[in-house]
file model.cif (mmCIF, C-alpha atoms and all ligand atoms)
data_input
loop_
_atom_site.label_atom_id
_atom_site.label_comp_id
_atom_site.auth_asym_id
_atom_site.auth_seq_id
_atom_site.Cartn_x
_atom_site.Cartn_y
_atom_site.Cartn_z
CA MET A 1 19.05 -9.86 -11.84
CA ARG A 2 16.70 -7.25 -13.20
CA PHE A 3 15.15 -9.90 -15.47
CA LEU A 4 14.72 -12.32 -12.58
CA SER A 5 13.25 -9.55 -10.51
CA SER A 6 10.78 -8.67 -13.29
CA LEU A 7 9.88 -12.31 -13.69
CA SER A 8 9.15 -12.69 -10.01
CA THR A 9 7.07 -9.49 -10.16
CA VAL A 10 4.99 -10.96 -12.99
CA LEU A 11 4.54 -14.22 -11.08
CA PHE A 12 3.60 -12.32 -7.98
CA PHE A 13 1.03 -10.20 -9.81
CA SER A 14 -0.60 -13.27 -11.34
CA LEU A 15 -0.78 -14.93 -7.92
CA LEU A 16 -2.08 -11.72 -6.44
CA SER A 17 -4.81 -11.22 -9.03
CA THR A 18 -6.01 -14.76 -8.34
CA ALA A 19 -6.01 -14.06 -4.61
CA LEU A 20 -8.02 -10.86 -5.09
CA MET A 21 -10.63 -12.24 -7.45
CA ALA A 22 -13.43 -13.22 -5.06
CA ALA A 23 -14.17 -14.94 -1.77
CA PRO A 24 -12.69 -16.90 -0.21
CA PHE A 25 -9.73 -14.55 -0.33
CA SER A 26 -6.21 -15.74 0.39
CA LEU A 27 -2.87 -14.27 1.37
CA ALA A 28 -0.51 -14.09 -1.61
CA PRO A 29 3.16 -14.90 -0.98
CA LEU A 30 5.44 -11.98 -0.22
CA PRO A 31 7.62 -11.02 -3.21
CA TYR A 32 10.73 -11.17 -0.97
CA ALA A 33 11.87 -12.87 2.24
CA THR A 34 10.73 -11.43 5.58
CA ASP A 35 14.34 -10.41 6.36
CA ALA A 36 14.96 -8.84 2.93
CA LEU A 37 13.89 -5.33 3.94
CA GLN A 38 16.36 -5.11 6.82
CA PRO A 39 17.65 -2.91 8.30
CA THR A 40 14.83 -0.49 7.35
CA ILE A 41 12.06 -2.93 8.34
CA ASP A 42 13.20 -5.81 10.51
CA LYS A 43 12.27 -9.47 10.19
CA ALA A 44 10.17 -9.54 13.36
CA THR A 45 8.04 -6.61 12.14
CA MET A 46 7.54 -8.26 8.75
CA GLU A 47 6.62 -11.62 10.26
CA LEU A 48 3.99 -10.02 12.47
CA HIS A 49 2.76 -7.51 9.91
CA TYR A 50 2.42 -9.92 6.99
CA GLY A 51 1.92 -13.23 8.79
CA LYS A 52 -0.40 -12.06 11.57
CA HIS A 53 -1.97 -8.68 10.74
CA HIS A 54 -2.48 -9.13 7.00
CA GLN A 55 -3.54 -12.75 7.51
CA ALA A 56 -6.10 -11.58 10.08
CA TYR A 57 -7.65 -9.14 7.57
CA VAL A 58 -8.01 -12.00 5.07
CA THR A 59 -9.41 -14.44 7.66
CA ASN A 60 -11.81 -11.88 9.10
CA LEU A 61 -12.94 -10.73 5.64
CA ASN A 62 -13.82 -14.30 4.68
CA ALA A 63 -15.66 -14.81 7.96
CA ALA A 64 -17.61 -11.56 7.53
CA LEU A 65 -18.54 -12.52 3.95
CA ASP A 66 -19.86 -15.87 5.16
CA ALA A 67 -22.56 -13.86 6.92
CA GLN A 68 -23.29 -11.85 3.73
CA PRO A 69 -23.64 -14.37 0.89
CA ASP A 70 -24.97 -11.67 -1.47
CA LEU A 71 -21.49 -10.07 -1.43
CA LYS A 72 -19.50 -13.26 -1.95
CA ASN A 73 -19.15 -12.97 -5.72
CA LYS A 74 -17.65 -9.50 -5.57
CA SER A 75 -13.97 -8.95 -6.25
CA LEU A 76 -11.84 -7.11 -3.72
CA ASP A 77 -11.83 -4.02 -5.97
CA GLU A 78 -15.63 -4.15 -6.17
CA LEU A 79 -15.96 -4.41 -2.38
CA VAL A 80 -13.58 -1.47 -1.89
CA ALA A 81 -15.53 0.66 -4.38
CA ILE A 82 -18.76 0.25 -2.35
CA ALA A 83 -17.12 0.37 1.09
CA GLY A 84 -19.54 3.02 2.37
CA THR A 85 -22.48 0.65 1.93
CA LEU A 86 -20.83 -2.33 3.64
CA PRO A 87 -20.93 -3.56 7.25
CA ALA A 88 -17.89 -2.27 9.16
CA ALA A 89 -16.29 -5.72 9.38
CA ILE A 90 -16.29 -6.07 5.59
CA ARG A 91 -15.22 -2.48 4.89
CA ASN A 92 -12.32 -2.64 7.39
CA ASN A 93 -11.04 -6.07 6.42
CA ALA A 94 -11.49 -5.62 2.67
CA GLY A 95 -9.56 -2.36 3.00
CA GLY A 96 -6.93 -4.09 5.11
CA HIS A 97 -6.47 -6.83 2.52
CA TRP A 98 -6.37 -4.40 -0.43
CA ASN A 99 -4.01 -1.93 1.28
CA HIS A 100 -1.50 -4.52 2.47
CA SER A 101 -1.43 -6.39 -0.85
CA PHE A 102 -0.65 -3.06 -2.52
CA PHE A 103 1.91 -2.13 0.16
CA TRP A 104 4.04 -5.29 -0.18
CA GLN A 105 4.25 -4.79 -3.93
CA SER A 106 5.38 -1.19 -3.50
CA MET A 107 8.61 -2.21 -1.79
CA ALA A 108 11.75 -4.17 -2.61
CA PRO A 109 15.03 -4.82 -0.81
CA ALA A 110 16.97 -1.54 -0.80
CA ASN A 111 19.62 -2.86 -3.20
CA LYS A 112 17.00 -4.09 -5.66
CA VAL A 113 14.59 -1.15 -5.98
CA GLY A 114 13.95 0.05 -9.53
CA ALA A 115 14.36 3.60 -10.81
CA MET A 116 11.64 6.22 -11.24
CA SER A 117 10.53 6.83 -14.84
CA ASN A 118 11.15 10.24 -16.39
CA GLU A 119 7.40 10.48 -16.88
CA LEU A 120 6.67 10.21 -13.15
CA LYS A 121 9.67 12.36 -12.19
CA THR A 122 8.48 15.17 -14.46
CA ALA A 123 4.91 14.91 -13.10
CA LEU A 124 6.08 15.00 -9.45
CA GLU A 125 8.27 18.03 -10.14
CA LYS A 126 5.43 19.80 -11.91
CA GLN A 127 2.94 19.11 -9.10
CA PHE A 128 5.13 19.56 -6.02
CA GLY A 129 8.12 21.63 -7.21
CA SER A 130 10.72 18.91 -6.68
CA ILE A 131 11.04 15.29 -5.56
CA ASP A 132 12.26 16.54 -2.17
CA GLN A 133 9.22 18.78 -1.79
CA PHE A 134 6.96 15.87 -2.71
CA LYS A 135 8.61 13.75 -0.01
CA THR A 136 8.28 16.57 2.53
CA GLN A 137 4.54 16.90 1.84
CA PHE A 138 4.01 13.12 1.92
CA ARG A 139 5.87 12.99 5.25
CA ALA A 140 3.76 15.82 6.66
CA ALA A 141 0.53 14.07 5.64
CA GLY A 142 1.83 10.87 7.28
CA ILE A 143 2.76 12.62 10.51
CA GLY A 144 -0.53 14.55 10.46
CA ARG A 145 -2.73 11.45 10.48
CA PHE A 146 -3.96 11.10 14.07
CA GLY A 147 -4.12 7.47 15.12
CA SER A 148 -4.06 4.70 12.53
CA GLY A 149 -4.32 5.07 8.80
CA TRP A 150 -2.45 5.42 5.54
CA VAL A 151 -0.76 8.14 3.49
CA TRP A 152 -1.14 8.00 -0.29
CA LEU A 153 0.17 9.35 -3.56
CA SER A 154 -2.58 8.98 -6.14
CA VAL A 155 -3.76 10.15 -9.56
CA ASP A 156 -7.06 12.04 -9.43
CA ALA A 157 -9.83 12.17 -12.02
CA LYS A 158 -8.06 15.06 -13.79
CA GLY A 159 -4.87 12.98 -14.11
CA GLN A 160 -3.08 15.05 -11.46
CA LEU A 161 -0.93 13.68 -8.67
CA VAL A 162 -2.40 14.21 -5.22
CA ILE A 163 -1.27 13.39 -1.66
CA SER A 164 -3.93 12.33 0.83
CA SER A 165 -4.39 10.36 4.02
CA THR A 166 -7.15 7.98 5.05
CA PRO A 167 -8.13 6.69 8.52
CA ASN A 168 -8.06 3.04 9.60
CA GLN A 169 -8.00 0.73 6.54
CA ASP A 170 -9.80 3.10 4.17
CA ASN A 171 -8.17 4.07 0.88
CA PRO A 172 -8.70 6.59 -1.95
CA LEU A 173 -10.58 4.05 -4.11
CA MET A 174 -13.42 3.92 -1.59
CA ASP A 175 -16.68 5.73 -2.26
CA ILE A 176 -16.37 7.37 1.16
CA ALA A 177 -12.83 8.72 0.65
CA GLU A 178 -12.44 12.49 1.16
CA VAL A 179 -10.02 12.53 -1.78
CA LYS A 180 -11.12 10.00 -4.40
CA ALA A 181 -8.26 8.94 -6.64
CA LYS A 182 -6.25 5.99 -7.94
CA PRO A 183 -3.38 5.22 -5.55
CA ILE A 184 0.09 4.55 -6.94
CA LEU A 185 1.96 4.56 -3.60
CA GLY A 186 0.91 4.22 0.02
CA ASN A 187 2.59 3.90 3.38
CA ASP A 188 1.12 2.19 6.41
CA LEU A 189 0.82 4.53 9.44
CA TRP A 190 -0.42 1.92 11.91
CA GLU A 191 1.89 1.42 14.87
CA HIS A 192 2.09 -2.28 13.99
CA ALA A 193 4.06 -1.22 10.87
CA TYR A 194 6.92 0.33 12.84
CA TYR A 195 6.53 0.19 16.62
CA LEU A 196 8.85 -2.78 17.37
CA GLN A 197 11.73 -1.00 15.67
CA TYR A 198 10.97 2.71 15.72
CA ASN A 199 8.77 2.82 18.86
CA ASN A 200 6.82 6.09 18.78
CA ARG A 201 9.07 7.70 16.14
CA ARG A 202 6.73 7.60 13.15
CA ALA A 203 8.69 10.37 11.39
CA ASP A 204 11.90 8.30 11.52
CA TYR A 205 10.07 5.35 9.99
CA LEU A 206 8.58 7.55 7.26
CA ASP A 207 12.04 8.94 6.42
CA ALA A 208 13.77 5.53 6.37
CA TRP A 209 11.01 3.90 4.31
CA TRP A 210 11.96 5.74 1.09
CA GLN A 211 14.92 3.38 0.76
CA LEU A 212 12.50 0.51 0.12
CA VAL A 213 10.16 2.16 -2.40
CA ASP A 214 10.42 0.37 -5.73
CA TRP A 215 9.99 3.33 -8.05
CA ALA A 216 9.87 1.09 -11.10
CA VAL A 217 6.60 -0.39 -9.79
CA ILE A 218 5.22 3.02 -8.81
CA SER A 219 6.12 4.40 -12.24
CA GLN A 220 4.28 1.54 -13.96
CA ARG A 221 1.21 2.27 -11.84
CA TYR A 222 1.46 5.94 -12.75
CA THR A 223 1.58 5.17 -16.47
CA ALA A 224 -1.44 2.87 -16.12
CA ALA A 225 -3.39 5.38 -14.01
CA ILE A 226 -3.03 8.34 -16.40
CA LYS A 227 -4.15 6.23 -19.39
CA LYS A 228 -7.57 5.64 -17.87
MN MN A 301 -0.48 -2.74 8.45
#

call {"tool": "encode", "arguments": {"input": "model.cif", "output": "structure tokens"}}
result
Amino acid sequence: MRFLSSLSTVLFFSLLSTALMAAPFSLAPLPYATDALQPTIDKATMELHYGKHHQAYVTNLNAALDAQPDLKNKSLDELVAIAGTLPAAIRNNAGGHWNHSFFWQSMAPANKVGAMSNELKTALEKQFGSIDQFKTQFRAAGIGRFGSGWVWLSVDAKGQLVISSTPNQDNPLMDIAEVKAKPILGNDLWEHAYYLQYNNRRADYLDAWWQLVDWAVISQRYTAAIKK
């Protein structure tokens, strides 16, 4: 099963990298079924979140780029890196596409999530005291974001782990981010991510969500981020 899971991850990443290359952008397939994250995230939330919200970021990004042909050859990463110079429609929808693509890959069905590497575990304990203390701080940053946004665990320019939050569809790779860093994990704080199931209880959603985090993927991102 682990082999099949790894194989599907590789296939997904190759599809994803194609989808992210340049305009017109497209929505990559989810790496699991829309009901696979139940009961933590229900099928109706996934269908709306992936099929409607994420699709809208892709559709609106392509439409906004049609009006800006000079930006059409840029990759999604390149657009995100210059977000502060872009029209709002491109910044918001490029961020929305980047963030959601990253988000789907960060999760797996609860019975299929991979384990955290010793390398990441040691780094989290060194930076935050313990895994529990890391989760407490991540939760606090998620609760503390007023309105819509994201909460992130990233690697900063010094190679240190850092928790931050960004408004709207911004992320730590953007030139305008308060905390500039390379994200390895992010959770979506928009009400569309949890409202059908958790209503106004964002903290309950944040707590339940840990069951879906695929630490094998996050650990691979960590290893890649500290090498650069
Ligand atoms: Mn979302």

call {"tool": "closest_residue", "arguments": {"input": "model.cif", "among": "A:Asn171, A:Lys227, A:Val217, A:Leu212", "to": "A:Lys112", "atoms": "only C-alpha atoms"}}
result
A:Leu212

call {"tool": "residues_near_point", "arguments": {"input": "model.cif", "point": "(-5.3, -10.8, 3.5)", "cutoff": "10 Å", "atoms": "all atoms listed in the file", "output": "list in words"}}
result
Ala19, Leu20, Phe25, Ser26, Leu27, Ala28, Tyr50, Gly51, Lys52, His53, His54, Gln55, Ala56, Tyr57, Val58, Thr59, Asn60, Leu61, Asn62, Asn93, Ala94, Gly95, Gly96, His97, Trp98, Asn99, His100 and Ser101 of chain A

call {"tool": "atom_distance", "arguments": {"input": "model.cif", "atom1": "atom CA of A:Gly142", "atom2": "atom CA of A:Trp209"}}
result
11.9 Å

call {"tool": "residues_near_ligand", "arguments": {"input": "model.cif", "ligand": "ligand MN 301 (chain A)", "cutoff": "6 Å", "atoms": "all atoms listed in the file", "output": "list in words"}}
result
His49, Asp188, Trp190 and Ala193 of chain A

call {"tool": "closest_residue", "arguments": {"input": "model.cif", "among": "A:Phe102, A:Tyr198, A:Trp215, A:Phe146", "to": "A:Asp77", "atoms": "all atoms listed in the file"}}
result
A:Phe102

call {"tool": "atom_distance", "arguments": {"input": "model.cif", "atom1": "atom CA of A:Arg201", "atom2": "atom CA of A:Gly186"}}
result
18.4 Å

call {"tool": "residues_around", "arguments": {"input": "model.cif", "residues": "A:Trp152", "least_positions_apart": "3", "cutoff": "8 Å", "atoms": "only C-alpha atoms", "output": "ChimeraX atom specification"}}
result
/A:138,163-165,172,183-187

call {"tool": "axis_aligned_box", "arguments": {"input": "model.cif", "around": "stretch 130-135 of chain A", "padding_each_side": "6 Å", "output": "JSON"}}
result
{"center_x": 9.6, "center_y": 16.3, "center_z": -3.3, "size_x": 17.3, "size_y": 17.2, "size_z": 18.7}

call {"tool": "closest_residue", "arguments": {"input": "model.cif", "among": "A:Val151, A:Ala110, A:Ala67, A:Met174", "to": "A:Asn92", "atoms": "only C-alpha atoms"}}
result
A:Met174

call {"tool": "residues_around", "arguments": {"input": "model.cif", "residues": "A:Leu65", "least_positions_apart": "4", "cutoff": "8 Å", "atoms": "all atoms listed in the file", "output": "list of chain:residue names"}}
result
A:Ala23, A:Leu61, A:Pro69, A:Leu71, A:Lys72, A:Ile90

call {"tool": "atom_distance", "arguments": {"input": "model.cif", "atom1": "atom CA of A:Gln211", "atom2": "atom CA of A:His192"}}
result
19.3 Å

call {"tool": "closest_residue", "arguments": {"input": "model.cif", "among": "A:Asn168, A:Gln38, A:Ala157, A:Trp210", "to": "A:Ile131", "atoms": "all atoms listed in the file"}}
result
A:Trp210

call {"tool": "closest_residue", "arguments": {"input": "model.cif", "among": "A:Glu125, A:Ser154, A:Gln137, A:Arg145", "to": "A:Thr166", "atoms": "all atoms listed in the file"}}
result
A:Arg145

call {"tool": "closest_residue", "arguments": {"input": "model.cif", "among": "A:Ala64, A:Arg91, A:Pro109, A:Ala115", "to": "A:Pro31", "atoms": "all atoms listed in the file"}}
result
A:Pro109

call {"tool": "residues_around", "arguments": {"input": "model.cif", "residues": "A:Ile143", "least_positions_apart": "6", "cutoff": "9 Å", "atoms": "only C-alpha atoms", "output": "PDB file with C-alpha atoms, keeping the file's coordinate frame"}}
result
ATOM      1  CA  LEU A 189       0.820   4.530   9.440  1.00  0.00           C
ATOM      2  CA  ARG A 202       6.730   7.600  13.150  1.00  0.00           C
ATOM      3  CA  ALA A 203       8.690  10.370  11.390  1.00  0.00           C
ATOM      4  CA  LEU A 206       8.580   7.550   7.260  1.00  0.00           C
TER       5      LEU A 206
END

call {"tool": "residues_near_point", "arguments": {"input": "model.cif", "point": "(-7.3, 6.1, 9.3)", "cutoff": "7 Å", "atoms": "all atoms listed in the file", "output": "JSON, numbers by chain"}}
result
{"A": [147, 148, 149, 150, 166, 167, 168, 169, 170]}

call {"tool": "residues_around", "arguments": {"input": "model.cif", "residues": "A:Asp42", "least_positions_apart": "3", "cutoff": "12 Å", "atoms": "only C-alpha atoms", "output": "PDB file with C-alpha atoms, keeping the file's coordinate frame"}}
result
ATOM      1  CA  ALA A  33      11.870 -12.870   2.240  1.00  0.00           C
ATOM      2  CA  THR A  34      10.730 -11.430   5.580  1.00  0.00           C
ATOM      3  CA  ASP A  35      14.340 -10.410   6.360  1.00  0.00           C
ATOM      4  CA  ALA A  36      14.960  -8.840   2.930  1.00  0.00           C
ATOM      5  CA  LEU A  37      13.890  -5.330   3.940  1.00  0.00           C
ATOM      6  CA  GLN A  38      16.360  -5.110   6.820  1.00  0.00           C
ATOM      7  CA  PRO A  39      17.650  -2.910   8.300  1.00  0.00           C
ATOM      8  CA  THR A  45       8.040  -6.610  12.140  1.00  0.00           C
ATOM      9  CA  MET A  46       7.540  -8.260   8.750  1.00  0.00           C
ATOM     10  CA  GLU A  47       6.620 -11.620  10.260  1.00  0.00           C
ATOM     11  CA  LEU A  48       3.990 -10.020  12.470  1.00  0.00           C
ATOM     12  CA  HIS A  49       2.760  -7.510   9.910  1.00  0.00           C
ATOM     13  CA  PRO A 109      15.030  -4.820  -0.810  1.00  0.00           C
ATOM     14  CA  ALA A 193       4.060  -1.220  10.870  1.00  0.00           C
ATOM     15  CA  TYR A 194       6.920   0.330  12.840  1.00  0.00           C
ATOM     16  CA  TYR A 195       6.530   0.190  16.620  1.00  0.00           C
ATOM     17  CA  LEU A 196       8.850  -2.780  17.370  1.00  0.00           C
ATOM     18  CA  GLN A 197      11.730  -1.000  15.670  1.00  0.00           C
ATOM     19  CA  TYR A 198      10.970   2.710  15.720  1.00  0.00           C
ATOM     20  CA  TYR A 205      10.070   5.350   9.990  1.00  0.00           C
ATOM     21  CA  TRP A 209      11.010   3.900   4.310  1.00  0.00           C
TER      22      TRP A 209
END

call {"tool": "build_atoms", "arguments": {"input": "model.cif", "residues": "stretch 57-76 of chain A", "atoms": "N, CA and C atoms", "output": "JSON list (two decimals), in the frame of the given file"}}
result
[["chain", "number", "residue", "atom", "x", "y", "z"],
["A", 57, "TYR", "N", -6.69, -9.84, 8.43],
["A", 57, "TYR", "CA", -7.65, -9.14, 7.57],
["A", 57, "TYR", "C", -8.30, -10.12, 6.59],
["A", 58, "VAL", "N", -7.49, -11.03, 6.04],
["A", 58, "VAL", "CA", -8.01, -12.00, 5.07],
["A", 58, "VAL", "C", -8.99, -12.96, 5.78],
["A", 59, "THR", "N", -8.57, -13.50, 6.91],
["A", 59, "THR", "CA", -9.41, -14.44, 7.66],
["A", 59, "THR", "C", -10.72, -13.78, 8.08],
["A", 60, "ASN", "N", -10.62, -12.56, 8.61],
["A", 60, "ASN", "CA", -11.81, -11.88, 9.10],
["A", 60, "ASN", "C", -12.73, -11.42, 7.96],
["A", 61, "LEU", "N", -12.13, -11.08, 6.81],
["A", 61, "LEU", "CA", -12.94, -10.73, 5.64],
["A", 61, "LEU", "C", -13.75, -11.94, 5.19],
["A", 62, "ASN", "N", -13.10, -13.09, 5.09],
["A", 62, "ASN", "CA", -13.82, -14.30, 4.68],
["A", 62, "ASN", "C", -14.93, -14.65, 5.66],
["A", 63, "ALA", "N", -14.65, -14.50, 6.96],
["A", 63, "ALA", "CA", -15.66, -14.81, 7.96],
["A", 63, "ALA", "C", -16.84, -13.83, 7.86],
["A", 64, "ALA", "N", -16.53, -12.55, 7.64],
["A", 64, "ALA", "CA", -17.61, -11.56, 7.53],
["A", 64, "ALA", "C", -18.45, -11.80, 6.27],
["A", 65, "LEU", "N", -17.81, -12.25, 5.20],
["A", 65, "LEU", "CA", -18.54, -12.52, 3.95],
["A", 65, "LEU", "C", -19.41, -13.76, 4.07],
["A", 66, "ASP", "N", -19.03, -14.69, 4.94],
["A", 66, "ASP", "CA", -19.86, -15.87, 5.16],
["A", 66, "ASP", "C", -21.24, -15.47, 5.68],
["A", 67, "ALA", "N", -21.28, -14.34, 6.38],
["A", 67, "ALA", "CA", -22.56, -13.86, 6.92],
["A", 67, "ALA", "C", -23.32, -13.00, 5.91],
["A", 68, "GLN", "N", -22.69, -12.71, 4.76],
["A", 68, "GLN", "CA", -23.29, -11.85, 3.73],
["A", 68, "GLN", "C", -23.14, -12.51, 2.37],
["A", 69, "PRO", "N", -23.85, -13.61, 2.13],
["A", 69, "PRO", "CA", -23.64, -14.37, 0.89],
["A", 69, "PRO", "C", -23.87, -13.54, -0.39],
["A", 70, "ASP", "N", -24.70, -12.50, -0.30],
["A", 70, "ASP", "CA", -24.97, -11.67, -1.47],
["A", 70, "ASP", "C", -23.73, -10.92, -1.94],
["A", 71, "LEU", "N", -22.72, -10.80, -1.07],
["A", 71, "LEU", "CA", -21.49, -10.07, -1.43],
["A", 71, "LEU", "C", -20.35, -11.00, -1.83],
["A", 72, "LYS", "N", -20.59, -12.30, -1.79],
["A", 72, "LYS", "CA", -19.50, -13.26, -1.95],
["A", 72, "LYS", "C", -18.92, -13.33, -3.35],
["A", 73, "ASN", "N", -19.68, -12.91, -4.35],
["A", 73, "ASN", "CA", -19.15, -12.97, -5.72],
["A", 73, "ASN", "C", -18.38, -11.72, -6.11],
["A", 74, "LYS", "N", -18.33, -10.75, -5.22],
["A", 74, "LYS", "CA", -17.65, -9.50, -5.57],
["A", 74, "LYS", "C", -16.14, -9.64, -5.44],
["A", 75, "SER", "N", -15.43, -8.98, -6.34],
["A", 75, "SER", "CA", -13.97, -8.95, -6.25],
["A", 75, "SER", "C", -13.57, -7.98, -5.13],
["A", 76, "LEU", "N", -12.32, -8.03, -4.76],
["A", 76, "LEU", "CA", -11.84, -7.11, -3.72],
["A", 76, "LEU", "C", -11.99, -5.66, -4.18]]
